Each structure stands twice: as structure tokens, then as C-alpha cells.
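Text of the file final_39.cif, holding mmCIF, C-alpha atoms:
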```
data_protein
loop_
_atom_site.label_atom_id
_atom_site.label_comp_id
_atom_site.auth_asym_id
_atom_site.auth_seq_id
_atom_site.Cartn_x
_atom_site.Cartn_y
_atom_site.Cartn_z
CA VAL A 145 -263.35 32.53 -93.74
CA THR A 146 -259.93 31.23 -92.94
CA SER A 147 -257.75 32.20 -90.01
CA VAL A 148 -254.10 32.11 -89.12
CA SER A 149 -253.38 32.13 -85.38
CA THR A 150 -249.93 32.75 -83.85
CA VAL A 151 -251.18 32.50 -80.28
CA ASN A 152 -248.82 30.54 -77.93
CA THR A 153 -250.25 30.21 -74.43
CA ASP A 154 -246.96 28.77 -73.19
CA ALA A 155 -245.24 32.13 -73.59
CA VAL A 156 -246.24 35.58 -72.46
CA GLY A 157 -246.55 37.95 -75.41
CA SER A 158 -248.75 39.64 -77.96
CA TYR A 159 -250.13 37.42 -80.72
CA SER A 160 -252.53 37.79 -83.65
CA VAL A 161 -255.30 35.84 -85.31
CA THR A 162 -255.73 36.94 -88.95
CA TYR A 163 -259.01 36.28 -90.79
CA SER A 164 -259.23 36.12 -94.64
CA VAL A 165 -261.88 35.32 -97.23
CA SER A 166 -262.44 35.51 -101.03
CA ASP A 167 -265.64 35.31 -103.01
CA THR A 168 -266.26 32.94 -105.89
CA ASN A 169 -264.87 35.44 -108.30
CA GLY A 170 -261.60 35.71 -106.48
CA ASN A 171 -262.20 39.02 -104.80
CA ALA A 172 -260.27 38.93 -101.53
CA ALA A 173 -261.67 40.73 -98.53
CA ASP A 174 -259.48 42.99 -96.46
CA SER A 175 -257.95 40.84 -93.77
CA VAL A 176 -259.15 41.34 -90.21
CA VAL A 177 -256.72 40.87 -87.32
CA ARG A 178 -257.47 40.07 -83.68
CA THR A 179 -254.70 40.81 -81.19
CA VAL A 180 -254.35 38.32 -78.38
CA SER A 181 -252.22 39.09 -75.33
CA VAL A 182 -250.98 36.09 -73.37
CA VAL A 183 -250.30 37.29 -69.80
CA ASP A 184 -249.15 35.65 -66.56
CA THR A 185 -250.92 37.01 -63.47
CA THR A 186 -251.11 33.73 -61.55
CA LYS A 187 -249.05 33.54 -58.38
CA PRO A 188 -246.82 30.54 -57.73
CA VAL A 189 -247.85 28.25 -54.87
CA ILE A 190 -245.50 27.34 -52.02
CA THR A 191 -245.93 23.99 -50.26
CA LEU A 192 -244.28 23.21 -46.93
CA LEU A 193 -242.17 20.10 -46.67
CA GLY A 194 -242.71 18.57 -43.25
CA SER A 195 -244.96 19.93 -40.51
CA ALA A 196 -246.25 23.46 -40.15
CA THR A 197 -245.17 23.40 -36.51
CA GLU A 198 -241.96 21.92 -35.14
CA THR A 199 -240.47 21.58 -31.67
CA VAL A 200 -236.75 21.43 -30.95
CA GLU A 201 -234.89 21.07 -27.64
CA ALA A 202 -232.80 24.05 -26.60
CA LYS A 203 -229.11 23.62 -27.45
CA GLY A 204 -230.12 20.90 -29.89
CA THR A 205 -229.86 21.01 -33.68
CA TYR A 206 -232.65 22.32 -35.86
CA THR A 207 -232.62 21.21 -39.49
CA ASP A 208 -235.37 22.78 -41.53
CA ALA A 209 -237.30 20.56 -43.95
CA GLY A 210 -237.69 23.36 -46.48
CA ALA A 211 -240.48 24.01 -48.97
CA SER A 212 -241.30 23.47 -52.63
CA ALA A 213 -242.93 25.85 -55.12
CA SER A 214 -244.72 25.44 -58.43
CA ASP A 215 -246.05 27.85 -61.06
CA THR A 216 -248.60 27.32 -63.82
CA LEU A 217 -246.23 28.81 -66.41
CA ASP A 218 -242.73 28.28 -65.02
CA GLY A 219 -243.38 24.86 -63.50
CA ASN A 220 -241.10 23.79 -60.64
CA LEU A 221 -239.72 26.80 -58.75
CA THR A 222 -238.40 24.88 -55.72
CA GLY A 223 -234.88 26.01 -56.48
CA SER A 224 -236.02 29.64 -56.33
CA VAL A 225 -237.63 29.42 -52.88
CA THR A 226 -235.97 31.67 -50.31
CA SER A 227 -236.41 31.49 -46.56
CA VAL A 228 -235.87 33.70 -43.52
CA ASN A 229 -235.08 31.57 -40.45
CA THR A 230 -235.24 33.27 -37.03
CA VAL A 231 -234.77 30.08 -34.98
CA ASN A 232 -232.37 30.50 -32.03
CA ILE A 233 -231.72 27.20 -30.25
CA ASP A 234 -229.91 29.04 -27.44
CA ALA A 235 -233.10 30.66 -26.18
CA VAL A 236 -236.51 29.21 -25.36
CA GLY A 237 -239.24 30.78 -27.48
CA SER A 238 -241.43 30.64 -30.57
CA TYR A 239 -239.71 31.30 -33.89
CA SER A 240 -240.64 31.30 -37.57
CA VAL A 241 -239.21 30.17 -40.87
CA THR A 242 -240.79 32.19 -43.69
CA TYR A 243 -240.69 30.99 -47.32
CA ARG A 244 -241.04 33.21 -50.40
CA ALA A 245 -240.93 32.68 -54.16
CA SER A 246 -241.63 34.66 -57.37
CA ASP A 247 -242.05 33.50 -60.96
CA ALA A 248 -240.25 34.85 -64.01
CA ASN A 249 -242.95 37.41 -64.55
CA GLY A 250 -242.73 38.87 -61.07
CA ASN A 251 -245.76 37.21 -59.54
CA THR A 252 -245.03 36.71 -55.85
CA ALA A 253 -246.38 33.68 -54.04
CA ASP A 254 -248.21 34.05 -50.77
CA SER A 255 -245.63 33.58 -48.03
CA VAL A 256 -245.77 30.34 -46.08
CA ILE A 257 -244.58 30.17 -42.47
CA ARG A 258 -243.42 27.30 -40.31
CA THR A 259 -243.55 27.86 -36.54
CA VAL A 260 -240.67 26.40 -34.56
CA SER A 261 -240.87 26.18 -30.76
CA VAL A 262 -237.58 25.98 -28.89
CA VAL A 263 -238.26 24.30 -25.54
CA ASP A 264 -236.23 23.26 -22.52
CA THR A 265 -237.34 19.94 -21.03
CA THR A 266 -233.88 18.65 -20.09
CA LYS A 267 -233.18 18.27 -16.37
CA PRO A 268 -229.94 19.59 -14.90
CA VAL A 269 -227.45 17.01 -13.63
CA ILE A 270 -226.02 17.08 -10.09
CA THR A 271 -222.56 15.65 -9.46
CA LEU A 272 -221.29 14.89 -5.96
CA LEU A 273 -217.98 16.37 -4.94
CA GLY A 274 -216.18 13.84 -2.77
CA ASN A 275 -217.50 10.43 -1.78
CA ALA A 276 -221.08 9.22 -1.80
CA THR A 277 -220.56 7.87 1.72
CA GLU A 278 -218.65 9.55 4.53
CA THR A 279 -217.84 8.63 8.15
CA VAL A 280 -217.30 11.15 10.94
CA GLU A 281 -216.42 10.59 14.57
CA ALA A 282 -219.07 11.56 17.11
CA LYS A 283 -218.47 15.01 18.62
CA GLY A 284 -216.18 15.74 15.67
CA THR A 285 -216.69 18.30 12.92
CA TYR A 286 -218.34 17.36 9.65
CA THR A 287 -217.54 19.55 6.66
CA ASP A 288 -219.51 18.63 3.59
CA ALA A 289 -217.70 18.53 0.24
CA GLY A 290 -220.76 19.85 -1.61
CA ALA A 291 -221.92 19.16 -5.14
CA SER A 292 -221.91 20.81 -8.56
CA ALA A 293 -224.67 21.04 -11.15
CA SER A 294 -224.78 21.71 -14.87
CA ASP A 295 -227.58 22.33 -17.36
CA THR A 296 -227.52 22.12 -21.14
CA LEU A 297 -229.06 25.59 -21.46
CA ASP A 298 -228.16 27.45 -18.26
CA GLY A 299 -224.67 26.01 -17.80
CA SER A 300 -223.35 25.90 -14.23
CA LEU A 301 -226.00 26.11 -11.48
CA SER A 302 -225.84 26.67 -7.71
CA VAL A 303 -226.98 23.66 -5.72
CA THR A 304 -229.04 23.77 -2.52
CA SER A 305 -228.65 21.12 0.16
CA VAL A 306 -230.50 19.75 3.18
CA ASN A 307 -228.04 18.47 5.79
CA THR A 308 -229.39 16.29 8.63
CA VAL A 309 -226.00 15.34 10.08
CA ASN A 310 -225.89 15.47 13.89
CA THR A 311 -222.43 14.70 15.23
CA ASP A 312 -223.83 14.58 18.77
CA ALA A 313 -225.67 11.33 18.07
CA ILE A 314 -224.49 8.10 16.49
CA GLY A 315 -226.48 7.23 13.36
CA SER A 316 -226.80 7.37 9.60
CA TYR A 317 -227.61 10.76 8.11
CA THR A 318 -228.05 12.25 4.66
CA VAL A 319 -227.07 15.40 2.84
CA THR A 320 -229.49 15.86 -0.06
CA TYR A 321 -228.74 18.14 -3.00
CA ASN A 322 -231.35 19.75 -5.27
CA VAL A 323 -231.41 22.25 -8.10
CA SER A 324 -233.76 23.51 -10.82
CA ASP A 325 -232.93 25.38 -14.00
CA ALA A 326 -234.43 28.69 -15.11
CA ASN A 327 -237.25 26.90 -16.91
CA GLY A 328 -238.33 24.90 -13.86
CA ASN A 329 -236.74 21.56 -14.74
CA ALA A 330 -235.77 19.90 -11.45
CA ALA A 331 -232.69 17.70 -11.35
CA ASP A 332 -232.86 14.25 -9.86
CA SER A 333 -231.89 14.65 -6.20
CA VAL A 334 -228.50 13.33 -5.17
CA ALA A 335 -227.79 12.24 -1.58
CA ARG A 336 -224.63 11.63 0.38
CA THR A 337 -224.82 9.21 3.32
CA VAL A 338 -222.90 10.28 6.42
CA SER A 339 -222.35 7.81 9.24
CA VAL A 340 -221.66 9.28 12.67
CA VAL A 341 -219.70 6.68 14.64
CA ASP A 342 -218.08 6.42 18.06
CA THR A 343 -214.75 4.59 17.94
CA THR A 344 -213.03 6.64 20.65
CA ALA A 345 -212.60 4.83 23.96
CA PRO A 346 -213.72 6.81 27.05
CA SER A 347 -211.02 8.05 29.42
CA ILE A 348 -210.81 9.09 33.05
CA THR A 349 -210.46 12.84 33.15
CA SER A 350 -210.05 13.26 36.89
CA VAL A 351 -210.34 11.59 40.29
CA SER A 352 -211.52 13.79 43.11
CA SER A 353 -213.01 13.77 46.55
CA GLU A 354 -215.26 16.24 48.33
CA THR A 355 -213.82 15.11 51.66
CA THR A 356 -211.37 17.77 52.89
CA ASP A 357 -207.71 17.00 53.37
CA GLY A 358 -206.78 16.21 56.95
CA SER A 359 -206.12 13.50 59.46
CA TYR A 360 -208.48 10.59 59.76
CA MET A 361 -208.95 7.72 62.04
CA ALA A 362 -208.96 4.15 60.91
CA GLY A 363 -212.48 3.29 59.84
CA ASP A 364 -213.33 6.79 58.57
CA GLU A 365 -214.92 6.79 55.10
CA ILE A 366 -213.82 9.00 52.21
CA GLU A 367 -215.97 9.31 49.05
CA VAL A 368 -213.92 9.17 45.87
CA THR A 369 -215.43 10.37 42.53
CA VAL A 370 -214.11 9.32 39.12
CA ASN A 371 -214.99 11.58 36.15
CA PHE A 372 -215.08 10.29 32.56
CA SER A 373 -214.68 11.94 29.16
CA GLU A 374 -218.14 10.65 28.13
CA ALA A 375 -221.01 8.61 29.49
CA VAL A 376 -219.93 5.02 30.25
CA THR A 377 -221.61 1.84 31.34
CA LEU A 378 -219.75 -0.74 33.41
CA SER A 379 -220.58 -4.32 32.64
CA GLY A 380 -218.89 -7.59 33.45
CA GLY A 381 -216.35 -6.25 35.97
CA ASN A 382 -215.35 -3.56 38.45
CA LEU A 383 -213.59 -0.25 38.19
CA VAL A 384 -210.66 -0.29 40.60
CA VAL A 385 -209.05 3.05 41.52
CA THR A 386 -205.61 2.94 43.15
CA LEU A 387 -205.06 5.77 45.65
CA ASP A 388 -201.84 7.49 46.70
CA THR A 389 -201.94 5.33 49.81
CA ALA A 390 -201.60 2.32 47.53
CA GLN A 391 -205.03 1.22 48.70
CA THR A 392 -207.89 0.79 46.20
CA VAL A 393 -211.49 1.90 45.77
CA THR A 394 -213.76 -0.49 43.90
CA ILE A 395 -216.77 0.76 41.93
CA SER A 396 -218.98 -2.07 40.74
CA SER A 397 -221.90 -0.29 39.04
CA ILE A 398 -221.93 2.48 36.38
CA SER A 399 -224.85 3.00 33.99
CA ALA A 400 -224.57 5.62 31.22
CA ALA A 401 -222.95 8.07 33.60
CA THR A 402 -220.15 10.58 33.18
CA SER A 403 -219.00 10.08 36.80
CA ALA A 404 -219.10 7.39 39.45
CA SER A 405 -218.33 7.35 43.16
CA GLY A 406 -216.97 4.81 45.58
CA THR A 407 -216.20 4.81 49.30
CA TYR A 408 -212.78 4.17 50.78
CA THR A 409 -212.46 3.13 54.41
CA VAL A 410 -209.29 4.46 56.03
CA GLN A 411 -206.96 1.71 57.18
CA SER A 412 -204.54 1.83 60.07
CA GLY A 413 -201.17 3.06 58.86
CA ASP A 414 -202.51 4.82 55.71
CA THR A 415 -200.49 7.84 54.68
CA SER A 416 -200.82 10.09 51.61
CA SER A 417 -198.15 12.34 50.18
#
```
How would this structure read if it were set down as C-alpha cells?
Amino acid sequence: VTSVSTVNTDAVGSYSVTYSVSDTNGNAADSVVRTVSVVDTTKPVITLLGSATETVEAKGTYTDAGASASDTLDGNLTGSVTSVNTVNIDAVGSYSVTYRASDANGNTADSVIRTVSVVDTTKPVITLLGNATETVEAKGTYTDAGASASDTLDGSLSVTSVNTVNTDAIGSYTVTYNVSDANGNAADSVARTVSVVDTTAPSITSVSSETTDGSYMAGDEIEVTVNFSEAVTLSGGNLVVTLDTAQTVTISSISAATSASGTYTVQSGDTSS
């Protein structure tokens, strides 16, 4: 028996194998034919390029690595791979890139998915408004210039501050600024140093006496009180107060006081206008 086969397994189609035979006297048998159908029911296979899971920073750039595909009959189908990419770098979340491919005979590959996590790990940045160091006079008014803050994802943020400045006491103080973004990333704190200083010289605000006006004899004593704009300490000298009579009252000791008193002894011939 001889056979003639037209079967081509590289191409889908219907083929035949024909069988023939003759006896020794040349009588040929009726040919017998087998029909062979070459079919393609094998799905292509998709292979991810890169990792199955990826992480990208919010507001960054996501470049997908893609995927390749191969088929037992069609060979390389990479150029036919399609993808659906849901990644949104403007919003924190979990996203997918789904790859699909089909061969020439309509066999669809099993979809392959890459998971992409968009995260926010970037801290906001605080920027001082005004100077990093400030000086204010004691008993004056300190108005803080504030600070601004920005975040790659949230944009402009409102800053909170802790202000320890006490203008009633000389010293070095801080104003500390803090902020966190919507995803809990805390900015590095920024501090302004404020020095409260006293460069204003004290002054005498009034000179008074509790002794009533009237006539006095020589030798009578009158207590004179000097009032100051702030607490003063006298060191290395005397405070001399000249009265209307042209006489003087000497005060020799003042220690962190806002007033001081001295005694004047009336002299013969003293007059006051």
C-alpha cells in the first residue's frame, strides 16, 4: 500500500491522506482517503516584562514595562498585545494594567495583570515667611510673619505653630511650625528664633511727696518719692533730685524697684513756687 499525504501542520485546514495498492496482475484497488483536519485551539501565552507588582510615588511618572506574547502557530505576538492601564498618579491607591492577546485563529490568551500601587511617602516642605531670627523690644508687640507649606500631592497646606514668645521677659524664644499632609507625612519642623531684648533706658515718670503743702520750719523733714518707667537698680553712684527750692535730695540705694524715696530736711530760707 502506498500513500500520498497533503497534511501541513503549519497551517490550519483540511487535508487528505490517499492510500493505493495494485496486485501482481496490475489490478488497482479503489483508493481510500483519510481526511485530516489541522486545527488551532491552543491559546497564546502572555508573559509580563518586569515585576508583577510595582510601586510609584504619587505625582511621579509611571512607565509600564509591557508584556510579550507567543503562540504555538503564530509565533511572536508581542506586537499584538493590548493593555488597559488604570494607573492614576494623582491619587493614592491600587491600580492594574491588564494585558490581552489573541492569535490569528481567535484563540484568546488568559489575561495577565500587573498591580501598580501609587503611594505618597513624600514629606511636605515648610518655608518661613520673613527672617529666621527676629528681635523685639521687651514690652513691645511681636507679630509673627508665619510660614507656608507645600506638598507634591496636596499642594498648599495650612501650617500650625507653637509660639513661646513672652515680651514681658528678656530671653530667646522660638516659634515652631508643623504640618502633615492628608496621608500622614509630617514635614520637618521649622523654627524661628525670637530674641526679646531691653534696649530702652528707664525714665523718671514723676516725683511726688505724700507730705502736704504748707509752711515748715527749718529742720522739718519731707519725704520725696521718685517713680520710674520700669524697675531699676542703682549701682556705682547716687540719684540726685533737684527740688523747686533749688535744694537736692540724694537717694543712694535702689534695687530692682520702680520707685525710690529720699528725705529732704527743710533749710532756713527755703521757698517753693
Just want the 8 Å neighbourhood of Val180 in chain A, counted on all atoms listed in the file, with same-chain residues fewer than 5 positions away dropped. Output as number ranges by chain. A: 151, 158-161
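Atom to atom, CA of Thr252 in chain A and CA of Asp215 in chain A stand 10.3 Å apart.
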Please, which residues are within 9 Å of (-226.7, 18.3, -16.3) by the file's coordinates, counting all atoms listed in the file, and could they come as a PDB file with C-alpha atoms, in the frame of the given file?
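And here's part_26.pdb as it stands now:
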```pdb
ATOM      1  CA  THR A 266    -233.880  18.650 -20.090  1.00  0.00           C
ATOM      2  CA  LYS A 267    -233.180  18.270 -16.370  1.00  0.00           C
ATOM      3  CA  PRO A 268    -229.940  19.590 -14.900  1.00  0.00           C
ATOM      4  CA  VAL A 269    -227.450  17.010 -13.630  1.00  0.00           C
ATOM      5  CA  ILE A 270    -226.020  17.080 -10.090  1.00  0.00           C
ATOM      6  CA  THR A 271    -222.560  15.650  -9.460  1.00  0.00           C
ATOM      7  CA  ALA A 293    -224.670  21.040 -11.150  1.00  0.00           C
ATOM      8  CA  SER A 294    -224.780  21.710 -14.870  1.00  0.00           C
ATOM      9  CA  ASP A 295    -227.580  22.330 -17.360  1.00  0.00           C
ATOM     10  CA  THR A 296    -227.520  22.120 -21.140  1.00  0.00           C
ATOM     11  CA  GLY A 299    -224.670  26.010 -17.800  1.00  0.00           C
ATOM     12  CA  SER A 300    -223.350  25.900 -14.230  1.00  0.00           C
ATOM     13  CA  ALA A 331    -232.690  17.700 -11.350  1.00  0.00           C
TER      14      ALA A 331
END
```
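Non-sequential neighbours of Val177 in chain A (distance at most 12 Å, separation of 2 or more positions within a chain, only C-alpha atoms) are Thr146, Ser147, Val148, Ser149, Thr150, Tyr159, Ser160, Val161, Thr162, Tyr163, Ser164, Asp174, Ser175, Thr179 and Val180 of chain A.
Proximity to Gly194 in chain A at 10 Å, evaluated using only C-alpha atoms and with sequence-adjacent residues fewer than 3 positions away removed, yields Thr191, Thr197, Glu198, Asp208, Ala209, Gly210, Ala211 and Arg258 of chain A.
Among the candidates A:Ile233, A:Thr389, A:Tyr239, A:Ile257, the residue lying nearest to Leu193 in chain A is A:Ile257 (atoms considered: all atoms listed in the file).
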Exercise on range 387-392 of chain A, axis-aligned box with 6 Å per side, report centre and edge lengths in Å to one decimal, as lines of an AutoDock Vina configuration file:
```
center_x = -204.7
center_y = 4.1
center_z = 47.7
size_x = 18.3
size_y = 18.7
size_z = 16.2
```
Using CA of Leu221 in chain A and CA of Asp184 in chain A as the two end points, give the distance in Å to one decimal. 15.1 Å
Residues proximal to (-229.1, 23.9, -31.9) were defined as those with any atom within 12 Å of that point in the file's coordinates, counting only C-alpha atoms. Which are they, as an MDAnalysis selection string? chainID A and resid 199:208 231:236 262:264 296:297
Name every residue that the PyMOL selection byres ((chain A and resi 411-413) around 6) selects in this structure, writing the answer as a list in words with chains first and numbers rising. Ala362, Val410 and Asp414 of chain A
Near Thr343 in chain A, counting only C-alpha atoms, which residues have an atom at most 12 Å away, once you skip same-chain residues fewer than 6 positions from it, shown as a PyMOL selection string? chain A and resi 279-284+314
For Thr386 in chain A, find every residue with an atom within 12 Å (counting only C-alpha atoms), except residues of its own chain fewer than 4 positions away, and show them as a PDB file with C-alpha atoms, keeping the file's coordinate frame.
```
ATOM      1  CA  VAL A 351    -210.340  11.590  40.290  1.00  0.00           C
ATOM      2  CA  VAL A 368    -213.920   9.170  45.870  1.00  0.00           C
ATOM      3  CA  VAL A 370    -214.110   9.320  39.120  1.00  0.00           C
ATOM      4  CA  ALA A 390    -201.600   2.320  47.530  1.00  0.00           C
ATOM      5  CA  GLN A 391    -205.030   1.220  48.700  1.00  0.00           C
ATOM      6  CA  THR A 392    -207.890   0.790  46.200  1.00  0.00           C
ATOM      7  CA  VAL A 393    -211.490   1.900  45.770  1.00  0.00           C
ATOM      8  CA  THR A 394    -213.760  -0.490  43.900  1.00  0.00           C
ATOM      9  CA  ILE A 395    -216.770   0.760  41.930  1.00  0.00           C
ATOM     10  CA  GLY A 406    -216.970   4.810  45.580  1.00  0.00           C
ATOM     11  CA  TYR A 408    -212.780   4.170  50.780  1.00  0.00           C
TER      12      TYR A 408
END
```
Restricting the calculation to only C-alpha atoms: of A:Thr344, A:Thr216, A:Ser399, A:Ser255, which residue gets closest to Thr185 in chain A? A:Thr216
Choose the residue, out of A:Thr186, A:Asn229, A:Thr311, A:Asn329, that has the smallest atom-to-atom separation from Asp342 in chain A; count only C-alpha atoms. A:Thr311
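Put simply, CA of Ser353 in chain A is 17.6 Å away from CA of Ile398 in chain A.
Using only C-alpha atoms, the nearest neighbour of Thr265 in chain A within the list A:Thr318, A:Asn327, A:Ser212, A:Thr230 is A:Asn327.
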Quick check on the file I pasted: which residues fall under the PyMOL selection byres ((chain A and resi 250) around 12)? Write them as a PyMOL selection string. chain A and resi 183-188+215+217-218+245-249+251-253
Which residue out of A:Ser261, A:Val334, A:Glu374, A:Asp325 has the minimum interatomic distance to Gly290 in chain A when only C-alpha atoms are used? A:Val334
In terms of the shortest atom-to-atom distance over all atoms listed in the file, which of A:Ser403, A:Thr356, A:Ser238, A:Thr285 is closest to Thr377 in chain A? A:Ser403
